[in-house]
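Trainee: Got model_1.cif for you, mmCIF, C-alpha atoms:
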data_entry
loop_
_atom_site.label_atom_id
_atom_site.label_comp_id
_atom_site.auth_asym_id
_atom_site.auth_seq_id
_atom_site.Cartn_x
_atom_site.Cartn_y
_atom_site.Cartn_z
CA MET E 1 -13.31 25.73 -11.54
CA GLN E 2 -11.43 22.53 -12.50
CA GLN E 3 -10.94 19.82 -9.90
CA GLY E 4 -8.65 16.80 -10.11
CA PHE E 5 -9.73 13.18 -9.76
CA LEU E 6 -8.25 9.69 -9.90
CA ILE E 7 -10.55 7.17 -11.56
CA GLN E 8 -10.50 3.38 -11.15
CA VAL E 9 -12.54 1.17 -13.47
CA GLU E 10 -12.96 -2.60 -13.24
CA CYS E 11 -15.32 -4.79 -15.29
CA PRO E 12 -15.55 -7.88 -17.51
CA ASP E 13 -13.38 -7.48 -20.58
CA LYS E 14 -14.84 -6.78 -24.02
CA PRO E 15 -13.89 -4.71 -27.09
CA GLY E 16 -14.39 -0.95 -27.03
CA LEU E 17 -14.11 -0.32 -23.30
CA VAL E 18 -11.39 2.34 -23.47
CA ALA E 19 -13.41 4.32 -25.99
CA ALA E 20 -16.58 3.90 -23.93
CA VAL E 21 -14.94 5.15 -20.74
CA ALA E 22 -13.30 8.08 -22.55
CA GLU E 23 -16.64 9.05 -24.09
CA ALA E 24 -18.41 8.84 -20.74
CA LEU E 25 -15.76 10.97 -19.06
CA ALA E 26 -15.99 13.56 -21.83
CA GLY E 27 -19.77 13.56 -21.50
CA ALA E 28 -19.39 14.26 -17.79
CA GLY E 29 -17.18 17.24 -18.59
CA ALA E 30 -13.88 15.58 -17.65
CA ASN E 31 -10.57 16.05 -19.45
CA ILE E 32 -8.24 13.03 -19.34
CA LEU E 33 -4.70 14.00 -18.30
CA ASP E 34 -3.23 10.51 -17.96
CA LEU E 35 -4.55 7.00 -18.53
CA ALA E 36 -3.39 3.39 -18.14
CA GLN E 37 -5.39 0.28 -18.96
CA HIS E 38 -4.91 -3.47 -18.93
CA SER E 39 -6.89 -6.47 -20.14
CA ALA E 40 -6.09 -9.51 -18.00
CA THR E 41 -7.18 -12.06 -20.58
CA GLU E 42 -6.56 -14.96 -18.18
CA ARG E 43 -9.44 -13.64 -16.07
CA SER E 44 -11.47 -11.84 -18.76
CA LEU E 45 -10.91 -8.71 -16.70
CA PHE E 46 -10.58 -5.08 -17.81
CA LEU E 47 -8.87 -2.50 -15.61
CA LEU E 48 -8.41 1.23 -16.20
CA TRP E 49 -6.80 4.02 -14.20
CA ALA E 50 -7.13 7.66 -15.20
CA ARG E 51 -6.18 11.07 -13.88
CA VAL E 52 -8.70 13.67 -14.98
CA GLU E 53 -9.85 17.24 -14.45
CA ALA E 54 -13.50 18.25 -14.41
CA PRO E 55 -15.55 21.37 -13.53
CA VAL E 56 -17.78 19.30 -11.23
CA ASP E 57 -17.49 17.58 -7.86
CA ALA E 58 -16.95 13.84 -7.29
CA ALA E 59 -20.65 13.09 -6.83
CA ALA E 60 -21.55 14.73 -10.13
CA LEU E 61 -18.75 12.89 -11.93
CA GLU E 62 -19.96 9.59 -10.48
CA ARG E 63 -23.50 10.33 -11.64
CA GLY E 64 -22.19 11.03 -15.12
CA LEU E 65 -20.45 7.65 -15.24
CA ALA E 66 -23.30 5.69 -13.62
CA PRO E 67 -25.21 4.77 -16.83
CA LEU E 68 -22.07 3.26 -18.38
CA ALA E 69 -21.23 1.43 -15.15
CA GLN E 70 -24.70 -0.07 -14.93
CA ARG E 71 -24.77 -1.10 -18.58
CA LEU E 72 -21.37 -2.85 -18.49
CA ALA E 73 -21.41 -4.26 -14.93
CA MET E 74 -18.57 -1.86 -14.24
CA ARG E 75 -17.16 -0.87 -10.87
CA VAL E 76 -16.17 2.79 -11.00
CA ARG E 77 -14.40 4.59 -8.15
CA VAL E 78 -13.83 8.34 -8.19
CA HIS E 79 -11.19 9.76 -5.83
CA PRO E 80 -10.64 13.54 -5.49
CA SER E 81 -6.94 14.21 -6.01
CA SER E 82 -6.96 16.85 -3.29
CA ARG E 83 -8.08 14.40 -0.62
CA ARG E 84 -5.10 13.07 1.35
CA PRO E 85 -5.67 9.69 3.05
CA ARG E 86 -4.91 9.46 6.76
CA VAL E 87 -2.08 6.94 7.30
CA ALA E 88 -0.98 5.38 10.61
CA VAL E 89 2.31 3.55 11.10
CA LEU E 90 2.93 0.49 13.26
CA ALA E 91 6.58 -0.12 14.14
CA SER E 92 8.70 -2.01 16.65
CA ARG E 93 12.39 -1.33 17.30
CA THR E 94 13.91 -1.00 13.84
CA GLY E 95 13.52 2.52 12.47
CA HIS E 96 14.85 2.55 8.90
CA CYS E 97 11.44 2.13 7.23
CA LEU E 98 9.79 4.70 9.49
CA TYR E 99 12.51 7.27 8.75
CA GLU E 100 12.25 6.65 5.00
CA LEU E 101 8.48 7.12 5.03
CA MET E 102 8.79 10.37 6.93
CA LEU E 103 11.60 11.76 4.76
CA LYS E 104 9.81 10.95 1.51
CA HIS E 105 6.65 12.49 2.92
CA ALA E 106 8.54 15.65 3.87
CA ASP E 107 9.91 15.80 0.31
CA GLY E 108 6.37 15.67 -1.09
CA HIS E 109 6.60 12.17 -2.60
CA LEU E 110 3.70 10.69 -0.58
CA ALA E 111 0.31 12.38 -0.93
CA CYS E 112 -1.08 11.52 2.50
CA ASP E 113 -1.23 12.76 6.07
CA PHE E 114 0.56 10.62 8.64
CA VAL E 115 -1.50 10.64 11.82
CA GLY E 116 0.70 8.78 14.31
CA VAL E 117 3.04 5.93 15.18
CA ALA E 118 2.02 3.06 17.44
CA SER E 119 4.58 0.55 18.68
CA ASN E 120 4.94 -2.44 20.96
CA HIS E 121 8.28 -0.97 22.10
CA PRO E 122 9.26 2.57 23.19
CA ASP E 123 12.44 2.74 21.06
CA LEU E 124 11.10 4.90 18.20
CA GLU E 125 9.36 7.59 20.22
CA ALA E 126 12.13 10.12 19.54
CA ALA E 127 11.93 9.41 15.81
CA ALA E 128 8.17 10.02 15.76
CA ARG E 129 8.50 13.19 17.82
CA HIS E 130 11.21 14.44 15.45
CA PHE E 131 8.61 14.46 12.69
CA ASP E 132 5.93 15.97 14.98
CA LEU E 133 3.91 12.77 15.04
CA PRO E 134 2.02 11.38 18.04
CA PHE E 135 3.66 8.26 19.43
CA VAL E 136 1.78 5.64 21.43
CA HIS E 137 3.53 2.77 23.19
CA LEU E 138 1.23 -0.25 23.39
CA PRO E 139 3.28 -3.06 24.98
CA HIS E 140 2.42 -6.65 24.22
CA ALA E 141 2.13 -8.41 27.56
CA GLY E 142 1.26 -11.84 26.21
CA ASP E 143 -2.42 -11.07 25.66
CA GLN E 144 -2.82 -10.85 21.88
CA ALA E 145 -6.52 -9.97 21.99
CA ALA E 146 -6.01 -7.12 24.47
CA HIS E 147 -3.04 -5.77 22.52
CA GLU E 148 -4.93 -5.77 19.24
CA ALA E 149 -7.98 -4.19 20.85
CA ALA E 150 -5.76 -1.35 22.06
CA LEU E 151 -4.29 -1.00 18.56
CA GLN E 152 -7.72 -0.86 16.96
CA ALA E 153 -8.89 1.72 19.49
CA GLN E 154 -5.87 3.91 18.76
CA LEU E 155 -6.32 3.62 15.00
CA ARG E 156 -9.96 4.64 15.38
CA ALA E 157 -8.95 7.58 17.54
CA TRP E 158 -6.60 8.72 14.80
CA ASP E 159 -9.31 8.09 12.18
CA ALA E 160 -6.74 6.15 10.16
CA GLU E 161 -7.69 4.94 6.69
CA ILE E 162 -4.48 3.06 5.80
CA VAL E 163 -2.06 1.31 8.15
CA VAL E 164 1.60 0.73 7.24
CA LEU E 165 3.53 -1.97 9.05
CA ALA E 166 7.01 -0.47 9.06
CA ARG E 167 8.81 -3.56 10.38
CA TYR E 168 6.17 -4.12 13.04
CA MET E 169 7.38 -7.42 14.45
CA ARG E 170 4.14 -8.93 15.70
CA VAL E 171 1.93 -11.40 13.84
CA LEU E 172 -1.54 -9.90 13.60
CA SER E 173 -4.56 -12.14 13.99
CA PRO E 174 -7.10 -12.89 11.24
CA ALA E 175 -9.65 -10.91 13.26
CA PHE E 176 -7.41 -7.84 13.10
CA THR E 177 -6.49 -8.09 9.41
CA ALA E 178 -10.15 -8.67 8.47
CA GLN E 179 -10.93 -5.14 9.63
CA TRP E 180 -8.39 -3.64 7.21
CA PRO E 181 -8.96 -5.34 3.84
CA GLU E 182 -6.49 -3.97 1.27
CA ARG E 183 -5.59 -1.19 3.72
CA LEU E 184 -2.92 -2.93 5.81
CA LEU E 185 0.40 -2.60 3.99
CA ASN E 186 3.33 -4.73 5.17
CA ILE E 187 7.02 -4.88 4.24
CA HIS E 188 8.57 -8.35 4.27
CA HIS E 189 12.35 -8.60 4.54
CA GLY E 190 12.63 -11.15 1.76
CA PHE E 191 11.62 -11.87 -1.81
CA LEU E 192 8.48 -13.82 -1.01
CA PRO E 193 7.89 -16.67 -0.74
CA ALA E 194 11.55 -17.65 -0.25
CA PHE E 195 13.21 -17.52 3.16
CA SER E 196 10.11 -16.63 5.14
CA GLY E 197 10.09 -16.91 8.92
CA ALA E 198 12.85 -16.16 11.39
CA ARG E 199 16.35 -14.88 10.49
CA PRO E 200 15.75 -14.62 6.71
CA TYR E 201 19.11 -13.04 5.94
CA HIS E 202 20.90 -15.81 7.81
CA GLN E 203 18.94 -18.38 5.81
CA ALA E 204 19.86 -16.58 2.60
CA TRP E 205 23.54 -16.38 3.57
CA ASP E 206 23.60 -20.07 4.48
CA LYS E 207 22.31 -20.89 0.99
CA GLY E 208 24.86 -18.67 -0.75
CA VAL E 209 22.24 -16.51 -2.43
CA LYS E 210 23.35 -14.10 -5.13
CA MET E 211 20.59 -11.59 -4.48
CA VAL E 212 18.35 -10.41 -1.67
CA GLY E 213 14.99 -8.73 -1.95
CA ALA E 214 11.99 -7.21 -0.24
CA THR E 215 8.26 -7.54 -0.76
CA ALA E 216 5.49 -5.09 0.13
CA HIS E 217 2.07 -6.71 0.31
CA PHE E 218 -1.35 -6.32 1.84
CA ALA E 219 -1.48 -8.24 5.11
CA THR E 220 -4.17 -10.91 5.31
CA ALA E 221 -5.13 -13.78 7.58
CA GLU E 222 -2.55 -15.95 5.82
CA LEU E 223 0.88 -14.95 7.11
CA ASP E 224 3.12 -13.27 4.50
CA ALA E 225 0.85 -14.44 1.68
CA GLY E 226 -1.27 -11.37 0.93
CA PRO E 227 -1.56 -9.69 -2.48
CA ILE E 228 1.83 -8.30 -3.55
CA VAL E 229 2.07 -4.56 -4.29
CA ALA E 230 5.80 -4.04 -4.96
CA GLN E 231 9.04 -6.05 -4.99
CA ASP E 232 12.69 -5.49 -5.77
CA VAL E 233 15.98 -7.38 -5.57
CA LEU E 234 19.68 -6.57 -5.50
CA ARG E 235 22.70 -8.71 -6.24
CA VAL E 236 25.10 -9.57 -3.43
CA SER E 237 28.59 -10.98 -3.40
CA ASP E 238 29.63 -14.30 -1.89
CA ARG E 239 32.13 -12.22 0.06
CA SER E 240 29.29 -10.42 1.87
CA SER E 241 28.84 -11.11 5.57
CA VAL E 242 25.47 -11.57 7.23
CA GLU E 243 25.79 -8.05 8.64
CA GLU E 244 26.36 -6.65 5.14
CA LEU E 245 23.30 -8.51 3.85
CA VAL E 246 21.22 -7.02 6.65
CA GLU E 247 22.37 -3.47 5.89
CA ARG E 248 21.85 -3.83 2.14
CA GLY E 249 18.51 -5.45 2.83
CA LYS E 250 17.41 -2.43 4.85
CA ASP E 251 18.06 -0.20 1.84
CA ILE E 252 15.81 -2.24 -0.39
CA GLU E 253 13.11 -2.52 2.27
CA ARG E 254 13.01 1.28 2.49
CA ARG E 255 12.60 1.70 -1.25
CA VAL E 256 10.00 -1.02 -1.71
CA LEU E 257 7.77 0.11 1.16
CA VAL E 258 7.76 3.74 0.01
CA GLU E 259 7.04 2.67 -3.57
CA ALA E 260 4.17 0.45 -2.46
CA LEU E 261 2.58 3.21 -0.40
CA ARG E 262 2.92 5.63 -3.32
CA LEU E 263 1.12 3.20 -5.61
CA VAL E 264 -1.67 2.72 -3.08
CA LEU E 265 -2.07 6.48 -2.54
CA GLU E 266 -2.20 7.09 -6.29
CA ARG E 267 -4.96 4.46 -6.57
CA ARG E 268 -2.91 2.44 -9.04
CA VAL E 269 -3.39 -0.87 -7.22
CA PHE E 270 -6.32 -3.14 -8.11
CA VAL E 271 -7.01 -6.38 -6.23
CA HIS E 272 -8.97 -9.10 -7.99
CA GLN E 273 -9.49 -12.56 -6.48
CA GLY E 274 -6.43 -12.23 -4.24
CA ARG E 275 -4.09 -10.95 -6.97
CA THR E 276 -2.88 -7.40 -7.48
CA PHE E 277 -2.71 -5.56 -10.77
CA VAL E 278 -0.70 -2.33 -10.70
CA LEU E 279 -1.33 0.15 -13.53
CA GLU E 280 1.45 2.64 -14.25
#
If you convert what's in this file into structure tokens, what do you get?

Mentor:
Amino acid sequence: MQQGFLIQVECPDKPGLVAAVAEALAGAGANILDLAQHSATERSLFLLWARVEAPVDAAALERGLAPLAQRLAMRVRVHPSSRRPRVAVLASRTGHCLYELMLKHADGHLACDFVGVASNHPDLEAAARHFDLPFVHLPHAGDQAAHEAALQAQLRAWDAEIVVLARYMRVLSPAFTAQWPERLLNIHHGFLPAFSGARPYHQAWDKGVKMVGATAHFATAELDAGPIVAQDVLRVSDRSSVEELVERGKDIERRVLVEALRLVLERRVFVHQGRTFVLE
């Protein structure tokens, strides 16, 4: 019986790697359905993503690829396509990103299981309940350590594997982000690094910008400076008001966050020395 897998390969670059990986996969009984590869010559780095079918389980496929991985100092990750990661959402008061995630999930565009919504405000409880998701209100009473401990406890209770910050308006500590390396996905309401900080759309309007944007990135100890997963921009008119910029900005935030989560779920995102490489 054929099973589906997503394969990630990362190793020092050299000639013949695509052929070597294809041969190893064939030797393990796998049929390649889709493949993308990239040689980042600036870092002498080779990356490969593949979607395959094989009449074996993940452990057997990994064993079949192990000799090649050992010989070429290659990191190989095998992900069963049928396995749906457990995703938790952190939100505050603004619901547009949460709604977009849930709607795209209901339409089958996000191959994951959402396990719950945690928030420092009660405003989005009805939205979570509408999509049959547990909602937990964890107010921030000025004690950052206690608040983050409660968040971590809830995420463990949900057995979350990925956390999406859907306009969660609290700065998380380095201690918190360190526990979720490359698994804490944030949406920033701006085309980083411009106009970071408070009231970004007002800053943009004051400067007479001709476009606004959004950036989805992995959250790290350095505020709004983690590896970037997805970005987009849209042009705006000088006749636009601040309110119009905010509304148009929400649309792009929705799209970028959903796209970033899709890329993560499809295992298309590689992180090397603080920089992302996305293979599509």

Trainee: What are the nearest atom pairs, with distances in Å to one decimal, for all residues of stretch 121-165 of chain E that come at most 7 Å from stretch 80-94 of chain E, using all atoms listed in the file, set out by chain and rising residue number as a Markdown table?

Mentor:
| residue | atom | partner | partner_atom | distance |
| --- | --- | --- | --- | --- |
| E:His121 | CA | E:Ser92 | CA | 5.6 |
| E:Asp123 | CA | E:Arg93 | CA | 5.5 |
| E:Leu124 | CA | E:Arg93 | CA | 6.4 |
| E:Ala160 | CA | E:Arg86 | CA | 5.1 |
| E:Glu161 | CA | E:Arg86 | CA | 5.3 |
| E:Ile162 | CA | E:Val87 | CA | 4.8 |
| E:Val163 | CA | E:Ala88 | CA | 4.9 |
| E:Val164 | CA | E:Val89 | CA | 4.8 |
| E:Leu165 | CA | E:Leu90 | CA | 4.9 |

Trainee: My list of candidates is E:Ala28, E:Ala157, E:Leu234, E:Met169. Which is closest to E:His140 when distances are computed with all atoms listed in the file?

Mentor: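 Under the stated criterion, the closest residue is E:Met169.
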
Trainee: Would you please work out which residue, of E:Ala150, E:Cys97, E:Ala198, E:Ala260, is nearest to E:Tyr168 when using only C-alpha atoms?

Mentor: E:Cys97

Trainee: Show me, as JSON, numbers by chain, the residues that have an atom within 12 Å of stretch 15-17 of chain E when counting only C-alpha atoms, minus same-chain residues fewer than 2 positions from it.

Mentor: {"E": [9, 10, 11, 12, 13, 19, 20, 21, 22, 23, 24, 37, 38, 39, 41, 44, 45, 46, 47, 48, 68, 69, 71, 72, 73, 74]}

Trainee: Once the PyMOL selection byres ((chain E and resi 177-192) around 7) is applied to the coordinates I shared, what remains selected? I want it as number ranges by chain.

Mentor: E: 162-167, 172-176, 193-196, 200, 212-221, 253, 257

Trainee: At what distance in Å, to one decimal, does atom CA of E:Val264 lie from atom CA of E:Ala54?

Mentor: 22.6 Å

Trainee: Could you complete stretch 104-128 of chain E so that it carries N, CA and C atoms, and give it back as an mmCIF file, in the frame of the given file?

Mentor:
data_model
loop_
_atom_site.group_PDB
_atom_site.id
_atom_site.type_symbol
_atom_site.label_atom_id
_atom_site.label_comp_id
_atom_site.auth_asym_id
_atom_site.auth_seq_id
_atom_site.Cartn_x
_atom_site.Cartn_y
_atom_site.Cartn_z
ATOM 1 N N LYS E 104 10.455 10.841 2.815
ATOM 2 C CA LYS E 104 9.810 10.950 1.510
ATOM 3 C C LYS E 104 8.532 11.779 1.604
ATOM 4 N N HIS E 105 7.835 11.672 2.719
ATOM 5 C CA HIS E 105 6.650 12.490 2.920
ATOM 6 C C HIS E 105 7.030 13.966 3.010
ATOM 7 N N ALA E 106 8.087 14.263 3.750
ATOM 8 C CA ALA E 106 8.540 15.650 3.870
ATOM 9 C C ALA E 106 8.973 16.224 2.530
ATOM 10 N N ASP E 107 9.487 15.363 1.651
ATOM 11 C CA ASP E 107 9.910 15.800 0.310
ATOM 12 C C ASP E 107 8.741 15.907 -0.662
ATOM 13 N N GLY E 108 7.535 15.553 -0.227
ATOM 14 C CA GLY E 108 6.370 15.670 -1.090
ATOM 15 C C GLY E 108 6.111 14.491 -1.994
ATOM 16 N N HIS E 109 6.757 13.338 -1.727
ATOM 17 C CA HIS E 109 6.600 12.170 -2.600
ATOM 18 C C HIS E 109 5.425 11.283 -2.200
ATOM 19 N N LEU E 110 4.812 11.514 -1.044
ATOM 20 C CA LEU E 110 3.700 10.690 -0.580
ATOM 21 C C LEU E 110 2.519 11.602 -0.263
ATOM 22 N N ALA E 111 1.471 11.493 -1.047
ATOM 23 C CA ALA E 111 0.310 12.380 -0.930
ATOM 24 C C ALA E 111 -0.651 11.851 0.135
ATOM 25 N N CYS E 112 -0.244 11.990 1.389
ATOM 26 C CA CYS E 112 -1.080 11.520 2.500
ATOM 27 C C CYS E 112 -0.769 12.374 3.717
ATOM 28 N N ASP E 113 -1.519 12.148 4.778
ATOM 29 C CA ASP E 113 -1.230 12.760 6.070
ATOM 30 C C ASP E 113 -0.952 11.639 7.068
ATOM 31 N N PHE E 114 0.263 11.590 7.597
ATOM 32 C CA PHE E 114 0.560 10.620 8.640
ATOM 33 C C PHE E 114 -0.034 11.108 9.952
ATOM 34 N N VAL E 115 -0.742 10.216 10.647
ATOM 35 C CA VAL E 115 -1.500 10.640 11.820
ATOM 36 C C VAL E 115 -0.886 10.167 13.129
ATOM 37 N N GLY E 116 0.073 9.222 13.078
ATOM 38 C CA GLY E 116 0.700 8.780 14.310
ATOM 39 C C GLY E 116 1.449 7.476 14.143
ATOM 40 N N VAL E 117 2.261 7.170 15.149
ATOM 41 C CA VAL E 117 3.040 5.930 15.180
ATOM 42 C C VAL E 117 2.671 5.177 16.451
ATOM 43 N N ALA E 118 2.283 3.929 16.300
ATOM 44 C CA ALA E 118 2.020 3.060 17.440
ATOM 45 C C ALA E 118 3.047 1.933 17.432
ATOM 46 N N SER E 119 3.518 1.549 18.611
ATOM 47 C CA SER E 119 4.580 0.550 18.680
ATOM 48 C C SER E 119 4.434 -0.309 19.922
ATOM 49 N N ASN E 120 4.906 -1.554 19.797
ATOM 50 C CA ASN E 120 4.940 -2.440 20.960
ATOM 51 C C ASN E 120 6.220 -2.268 21.765
ATOM 52 N N HIS E 121 7.068 -1.315 21.373
ATOM 53 C CA HIS E 121 8.280 -0.970 22.100
ATOM 54 C C HIS E 121 8.427 0.561 22.126
ATOM 55 N N PRO E 122 9.137 1.114 23.100
ATOM 56 C CA PRO E 122 9.260 2.570 23.190
ATOM 57 C C PRO E 122 10.410 3.150 22.364
ATOM 58 N N ASP E 123 11.180 2.316 21.667
ATOM 59 C CA ASP E 123 12.440 2.740 21.060
ATOM 60 C C ASP E 123 12.316 3.878 20.051
ATOM 61 N N LEU E 124 11.211 3.952 19.315
ATOM 62 C CA LEU E 124 11.100 4.900 18.200
ATOM 63 C C LEU E 124 10.324 6.160 18.558
ATOM 64 N N GLU E 125 10.112 6.387 19.834
ATOM 65 C CA GLU E 125 9.360 7.590 20.220
ATOM 66 C C GLU E 125 10.075 8.856 19.762
ATOM 67 N N ALA E 126 11.391 8.920 19.947
ATOM 68 C CA ALA E 126 12.130 10.120 19.540
ATOM 69 C C ALA E 126 12.024 10.352 18.038
ATOM 70 N N ALA E 127 12.046 9.270 17.263
ATOM 71 C CA ALA E 127 11.930 9.410 15.810
ATOM 72 C C ALA E 127 10.574 9.994 15.435
ATOM 73 N N ALA E 128 9.507 9.494 16.051
ATOM 74 C CA ALA E 128 8.170 10.020 15.760
ATOM 75 C C ALA E 128 8.070 11.482 16.167
#
